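Asks: Enclosed is the structure file run32.pdb (PDB, C-alpha atoms).
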```
ATOM      1  CA  MET L1141     292.462 119.398  64.803
ATOM      2  CA  SER L1142     289.800 117.691  62.794
ATOM      3  CA  LYS L1143     286.114 118.373  63.190
ATOM      4  CA  LYS L1144     285.364 114.645  63.085
ATOM      5  CA  SER L1145     287.591 114.028  66.092
ATOM      6  CA  ARG L1146     286.001 116.852  68.069
ATOM      7  CA  ASP L1147     282.525 115.663  67.156
ATOM      8  CA  TRP L1148     283.392 112.106  68.209
ATOM      9  CA  VAL L1149     284.689 113.229  71.608
ATOM     10  CA  ASP L1150     281.707 115.539  72.172
ATOM     11  CA  LYS L1151     279.265 112.769  71.224
ATOM     12  CA  LYS L1152     280.915 110.336  73.634
ATOM     13  CA  LEU L1153     280.867 112.885  76.460
ATOM     14  CA  ARG L1154     277.186 113.710  75.837
ATOM     15  CA  SER L1155     276.312 110.022  75.944
ATOM     16  CA  GLY L1156     277.857 109.721  79.416
ATOM     17  CA  VAL L1157     281.305 108.311  78.671
ATOM     18  CA  ASP L1158     283.865 109.607  81.150
ATOM     19  CA  LEU L1159     286.816 111.609  79.800
ATOM     20  CA  ASP L1160     289.246 109.217  81.522
ATOM     21  CA  GLN L1161     287.628 106.290  79.729
ATOM     22  CA  LEU L1162     288.178 108.039  76.389
ATOM     23  CA  TYR L1163     291.843 108.584  77.285
ATOM     24  CA  ASN L1164     292.083 104.864  77.933
ATOM     25  CA  CYS L1165     290.507 104.071  74.557
ATOM     26  CA  VAL L1166     292.958 106.291  72.709
ATOM     27  CA  GLY L1167     295.880 105.040  74.778
ATOM     28  CA  ILE L1168     295.174 101.378  74.074
ATOM     29  CA  PHE L1169     295.418 102.027  70.342
ATOM     30  CA  SER L1170     298.474 104.263  70.407
ATOM     31  CA  ASN L1171     300.509 102.301  72.970
ATOM     32  CA  ARG L1172     300.564  99.063  71.001
ATOM     33  CA  LYS L1173     302.929  98.174  68.199
ATOM     34  CA  LYS L1174     301.781  99.304  64.792
ATOM     35  CA  SER L1175     302.256  95.871  63.249
ATOM     36  CA  ARG L1176     300.154  94.225  65.953
ATOM     37  CA  VAL L1177     297.279  96.676  65.567
ATOM     38  CA  MET L1178     297.381  96.371  61.796
ATOM     39  CA  LYS L1179     297.218  92.579  62.029
ATOM     40  CA  GLU L1180     294.435  92.510  64.668
ATOM     41  CA  LYS L1181     292.283  95.098  62.904
ATOM     42  CA  ASN L1182     293.181  93.903  59.396
ATOM     43  CA  LEU L1183     294.354  97.373  58.364
ATOM     44  CA  ASN L1184     296.712  98.425  55.647
ATOM     45  CA  ASN L1185     299.219 101.210  56.273
ATOM     46  CA  LYS L1186     296.971 103.973  54.911
ATOM     47  CA  GLN L1187     294.023 102.843  57.054
ATOM     48  CA  TYR L1188     296.239 102.666  60.139
ATOM     49  CA  GLU L1189     297.603 106.167  59.567
ATOM     50  CA  LYS L1190     294.094 107.548  59.092
ATOM     51  CA  ARG L1191     292.914 105.963  62.357
ATOM     52  CA  TYR L1192     296.075 107.054  64.182
ATOM     53  CA  ASN L1193     295.644 110.667  63.034
ATOM     54  CA  PHE L1194     291.970 110.630  64.041
ATOM     55  CA  LEU L1195     292.805 109.408  67.545
ATOM     56  CA  TYR L1196     295.725 111.825  67.849
ATOM     57  CA  ASN L1197     293.399 114.730  67.056
ATOM     58  CA  ALA L1198     290.857 113.364  69.547
ATOM     59  CA  PHE L1199     293.577 113.190  72.204
ATOM     60  CA  CYS L1200     294.634 116.794  71.529
ATOM     61  CA  TYR L1201     291.034 117.936  71.859
ATOM     62  CA  MET L1202     290.639 116.012  75.136
ATOM     63  CA  GLU L1203     293.770 117.714  76.446
ATOM     64  CA  GLU L1204     292.243 121.058  75.519
ATOM     65  CA  LEU L1205     289.016 120.159  77.354
ATOM     66  CA  LYS L1206     290.936 118.924  80.372
ATOM     67  CA  GLY L1207     292.755 122.260  80.596
ATOM     68  CA  LYS L1208     289.462 124.166  80.499
ATOM     69  CA  ARG L1209     287.933 122.054  83.277
ATOM     70  CA  LYS L1210     290.650 122.867  85.814
TER
END
```
Re-express the file's structure as structure tokens.
Replies:
Amino acid sequence: MSKKSRDWVDKKLRSGVDLDQLYNCVGIFSNRKKSRVMKEKNLNNKQYEKRYNFLYNAFCYMEELKGKRK
């Protein structure tokens, strides 16, 4: 899990963003077709993969936090 992803999630939570809202943000990106996202965001394959990996790590960290809160 990357430190940048953890820092991003922590920063969002400190600023008052709800954990469910962050799940939604990550889900919107990952649940759309790769070609569509690349076209909309004007990304090449390497940029898409970098963003996808970042959000995947953020999702894993949110899952970890969710487990601790129960």
Asks: Expressed in Å to a single decimal, how great is the separation between CA of Tyr1192 in chain L and CA of Arg1154 in chain L?
Replies: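 CA of Arg1154 in chain L lies 23.2 Å from CA of Tyr1192 in chain L.
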Asks: Using all atoms listed in the file, which protein or nucleic acid residues come within 12 Å of Arg1191 in chain L? Drop anything in the same chain fewer than 6 positions from it, and give the result as a PyMOL selection string.
Replies: chain L and resi 1144-1145+1166+1169-1170+1174+1177-1178+1181+1183-1185+1197-1198
Asks: CA of Gly1207 in chain L to CA of Asn1171 in chain L: how many Å, to one decimal?
Replies: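 CA of Asn1171 in chain L lies 22.7 Å from CA of Gly1207 in chain L.
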Asks: Of the candidates L:Gly1167, L:Met1202, L:Lys1179, L:Lys1186, which one gets nearest to Lys1152 in chain L if we count only C-alpha atoms?
Replies: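 Among L:Gly1167, L:Met1202, L:Lys1179, L:Lys1186, it is L:Met1202 that comes nearest to Lys1152 in chain L.
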Asks: Between CA of Ile1168 in chain L and CA of Gln1187 in chain L, what is the spacing in Å?
Replies: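 CA of Gln1187 in chain L sits 17.1 Å away from CA of Ile1168 in chain L.
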Asks: Any chance you could work out the residue set of the PyMOL selection byres ((chain L and resi 1146-1151) around 12) here, as number ranges by chain?
Replies: L: 1141-1145, 1152-1163, 1165-1166, 1194-1205
Asks: Edge lengths and centre in Å to one decimal, as JSON, of the axis-aligned box that encloses all listed atoms of range 1178-1190 of chain L with 8 Å added on every side?
Replies:
```
{"center_x": 295.8, "center_y": 100.0, "center_z": 59.8, "size_x": 22.9, "size_y": 31.0, "size_z": 25.8}
```
